[in-house]
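Enquirer: Let me begin by handing over the structure; questions about it come next.
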Amino acid sequence: MSETLLSSLQCGSHRAMEEIYRVYWEGVFDAALKKTGDEALAQDITQEIFISLWENHKTINLSGSLGAYLHGAVKYKVINYFRSGSIKEQHQPALTALMDEQHAAAADDKLILKELHLEVDAAIALLPEKMQQVFSMSRKQEKSIKEIATELDISVQTVKNQISAALKLLKKSLSYILLIAALIGLT
């Protein structure tokens, strides 16, 4: 049936267009309504699709059914609507508020992170001098265990022991920081 209607439409038949509209209007409208959730917008999209169908009836080349073509048209009209500036303008105040909230949260997180770094630095400063030096070379200067051992003229095992002991002491004194980091999403 749809091929007959389409061929009649391609010949310029107003009756064919009226029949296509009568047969497919409700399905096109329902699809647009499901995708947008807005009855007025769904009506506009449906009307635009049928107007476009009439305006382009001579050049439309269907490889499938007319129903599939119309439902595809709904999809693209909805996508184009959401891409359009009107929807951006309509939601701009909400988007701006959301972005402001995110920037404020990011600034708060940076401040908390800075304070956490100060706490860690203070805990490292409480380590014995040699342990502090080995730990700093390992974590801050990112030197390998062999490089630290060579530079300080100590054994590799001593470097390993110093780092392990430092981590145990820091873990004990900074365990509350892990809780804070988890709460703000840093871990």
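We name chains A, B, ... following the order of the structure tokens; residues begin at 1 in each chain, and ligands are numbered from 1 as shown.
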So which residues touch stretch 60-75 of chain A within 7 Å, counting only C-alpha atoms, skipping near sequence neighbours fewer than 3 positions away, as a PDB file with C-alpha atoms, in the first residue's frame?
Expert:
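Written out: selection.pdb:
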```
ATOM      1  CA  SER A   2       2.756   2.483   0.948  1.00  0.00           C
ATOM      2  CA  VAL A  28       4.814   9.606  13.602  1.00  0.00           C
ATOM      3  CA  ALA A  31       7.257   8.370  18.020  1.00  0.00           C
ATOM      4  CA  ALA A  32       8.034  12.090  18.312  1.00  0.00           C
ATOM      5  CA  ILE A  49       8.008  15.877   8.594  1.00  0.00           C
ATOM      6  CA  ASN A  56      10.419  16.751  -1.493  1.00  0.00           C
ATOM      7  CA  HIS A  57       7.948  14.168  -2.824  1.00  0.00           C
ATOM      8  CA  VAL A  78      14.414  15.217  17.195  1.00  0.00           C
ATOM      9  CA  ILE A  79      18.216  15.123  17.030  1.00  0.00           C
TER      10      ILE A  79
END
```
Enquirer: Mind checking which residues fall within 12 Å of A:Leu167, counting only C-alpha atoms, ignoring those fewer than 5 positions away in the same chain, and posting them as a list in words?
Expert: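 My list of contacting residues is Val120, Ala123, Ile124, Leu127, Met131, Gln132, Val134, Phe135, Ser136, Ser138, Arg139, Lys160, Asn161, Gln162, Lys172, Ser173, Leu174 and Ser175 of chain A.
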Enquirer: Convert the current residue selection to file output with all heavy atoms, as a compact mmCIF listing (two decimals), in the first residue's frame.
Expert:
```
# COMPACT_ATOMS: atom_id res chain seq x y z
N VAL A 120 50.44 15.69 54.65
CA VAL A 120 51.39 14.63 54.29
C VAL A 120 52.82 15.13 54.47
O VAL A 120 53.68 14.44 55.04
CB VAL A 120 51.15 14.13 52.85
CG1 VAL A 120 52.27 13.22 52.38
CG2 VAL A 120 49.80 13.42 52.75
N ALA A 123 53.70 15.16 58.08
CA ALA A 123 53.94 13.80 58.59
C ALA A 123 55.30 13.29 58.13
O ALA A 123 56.01 12.64 58.90
CB ALA A 123 52.82 12.87 58.13
N ILE A 124 55.68 13.60 56.90
CA ILE A 124 57.00 13.19 56.40
C ILE A 124 58.10 13.88 57.20
O ILE A 124 59.13 13.28 57.52
CB ILE A 124 57.13 13.48 54.89
CG1 ILE A 124 56.21 12.56 54.09
CG2 ILE A 124 58.57 13.33 54.41
CD1 ILE A 124 56.11 12.91 52.61
N LEU A 127 59.36 12.07 60.29
CA LEU A 127 60.15 10.84 60.15
C LEU A 127 61.60 11.12 60.54
O LEU A 127 62.08 12.25 60.43
CB LEU A 127 60.10 10.35 58.70
CG LEU A 127 58.75 9.91 58.13
CD1 LEU A 127 58.88 9.60 56.64
CD2 LEU A 127 58.21 8.70 58.88
N MET A 131 65.42 8.34 57.08
CA MET A 131 64.21 7.75 56.51
C MET A 131 63.49 8.80 55.65
O MET A 131 63.01 8.50 54.56
CB MET A 131 63.29 7.25 57.63
CG MET A 131 62.10 6.46 57.16
SD MET A 131 61.03 5.95 58.52
CE MET A 131 62.06 4.78 59.37
N GLN A 132 63.45 10.00 56.15
CA GLN A 132 62.83 11.10 55.44
C GLN A 132 63.53 11.34 54.10
O GLN A 132 62.89 11.54 53.06
CB GLN A 132 62.90 12.36 56.31
CG GLN A 132 62.15 13.54 55.79
CD GLN A 132 62.34 14.72 56.74
OE1 GLN A 132 62.87 15.73 56.30
NE2 GLN A 132 61.93 14.61 57.99
N VAL A 134 65.41 9.18 52.33
CA VAL A 134 65.19 8.05 51.42
C VAL A 134 63.78 8.12 50.83
O VAL A 134 63.58 7.96 49.64
CB VAL A 134 65.42 6.71 52.17
CG1 VAL A 134 64.94 5.53 51.34
CG2 VAL A 134 66.90 6.54 52.52
N PHE A 135 62.80 8.38 51.69
CA PHE A 135 61.41 8.45 51.24
C PHE A 135 61.21 9.58 50.23
O PHE A 135 60.56 9.41 49.21
CB PHE A 135 60.47 8.63 52.44
CG PHE A 135 59.02 8.54 52.07
CD1 PHE A 135 58.41 7.31 51.88
CD2 PHE A 135 58.26 9.68 51.89
CE1 PHE A 135 57.08 7.22 51.52
CE2 PHE A 135 56.94 9.61 51.53
CZ PHE A 135 56.33 8.38 51.34
N SER A 136 61.78 10.72 50.51
CA SER A 136 61.66 11.87 49.62
C SER A 136 62.30 11.58 48.26
O SER A 136 61.74 11.94 47.22
CB SER A 136 62.32 13.09 50.27
OG SER A 136 62.26 14.18 49.40
N SER A 138 62.61 8.71 46.90
CA SER A 138 61.81 7.70 46.24
C SER A 138 60.51 8.27 45.69
O SER A 138 60.16 8.04 44.53
CB SER A 138 61.48 6.57 47.23
OG SER A 138 60.51 5.71 46.71
N ARG A 139 59.80 9.03 46.51
CA ARG A 139 58.46 9.47 46.12
C ARG A 139 58.43 10.83 45.43
O ARG A 139 57.69 11.02 44.48
CB ARG A 139 57.54 9.50 47.34
CG ARG A 139 57.31 8.14 47.97
CD ARG A 139 56.76 7.15 46.93
NE ARG A 139 56.28 5.92 47.52
CZ ARG A 139 56.92 4.77 47.53
NH1 ARG A 139 58.13 4.70 47.01
NH2 ARG A 139 56.38 3.71 48.05
N LYS A 160 65.12 -0.31 50.82
CA LYS A 160 63.81 -0.97 50.88
C LYS A 160 63.25 -0.92 52.30
O LYS A 160 62.05 -0.64 52.48
CB LYS A 160 63.92 -2.43 50.42
CG LYS A 160 64.14 -2.60 48.94
CD LYS A 160 64.24 -4.07 48.59
CE LYS A 160 64.52 -4.29 47.13
NZ LYS A 160 64.64 -5.72 46.80
N ASN A 161 64.08 -1.21 53.29
CA ASN A 161 63.63 -1.20 54.68
C ASN A 161 63.18 0.20 55.10
O ASN A 161 62.18 0.35 55.79
CB ASN A 161 64.74 -1.70 55.61
CG ASN A 161 65.04 -3.17 55.43
OD1 ASN A 161 64.26 -3.91 54.84
ND2 ASN A 161 66.20 -3.60 55.93
N GLN A 162 63.94 1.22 54.69
CA GLN A 162 63.62 2.60 55.05
C GLN A 162 62.27 3.04 54.43
O GLN A 162 61.45 3.66 55.10
CB GLN A 162 64.74 3.56 54.61
CG GLN A 162 66.03 3.42 55.37
CD GLN A 162 65.92 3.99 56.77
OE1 GLN A 162 65.34 5.04 56.99
NE2 GLN A 162 66.49 3.26 57.73
N LYS A 172 50.03 4.94 59.44
CA LYS A 172 49.47 5.01 60.78
C LYS A 172 49.09 6.44 61.13
O LYS A 172 48.00 6.70 61.64
CB LYS A 172 50.49 4.48 61.80
CG LYS A 172 49.97 4.42 63.22
CD LYS A 172 51.06 3.97 64.18
CE LYS A 172 50.96 2.48 64.38
NZ LYS A 172 51.90 1.99 65.39
N SER A 173 49.95 7.39 60.83
CA SER A 173 49.68 8.77 61.22
C SER A 173 48.72 9.50 60.28
O SER A 173 48.15 10.52 60.65
CB SER A 173 50.98 9.56 61.36
OG SER A 173 51.61 9.72 60.11
N LEU A 174 48.54 9.00 59.07
CA LEU A 174 47.69 9.69 58.09
C LEU A 174 46.47 8.88 57.67
O LEU A 174 45.84 9.20 56.67
CB LEU A 174 48.52 10.04 56.84
CG LEU A 174 49.69 10.99 57.04
CD1 LEU A 174 50.51 11.10 55.77
CD2 LEU A 174 49.20 12.35 57.49
N SER A 175 46.08 7.89 58.44
CA SER A 175 44.96 7.04 58.04
C SER A 175 43.67 7.84 57.85
O SER A 175 42.85 7.53 57.00
CB SER A 175 44.74 5.92 59.05
OG SER A 175 44.45 6.47 60.32
```
Enquirer: So what do you get for atom CA of A:His14 versus atom CA of A:Asn80, distance-wise?
Expert: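 Interatomic distance, atom CA of A:His14 to atom CA of A:Asn80: 28.0 Å.
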Enquirer: What's around stretch 155-159 of chain A at 10 Å? Count only C-alpha atoms, leave out sequence neighbours fewer than 3 positions away in its own chain, and write the answer as an MDAnalysis selection string.
Expert: chainID A and resid 130:131 134:135 138 144:150 152 162:165
Enquirer: Record the distance separating atom CA of A:Met17 and atom CA of A:Gly37, expressed in Å with one decimal.
Expert: 27.0 Å
Enquirer: Just to confirm, what's the straight-line distance from atom CA of A:Arg15 to atom CA of A:Glu55 in Å (one decimal)?
Expert: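 Straight-line distance from atom CA of A:Arg15 to atom CA of A:Glu55 works out to 14.9 Å.
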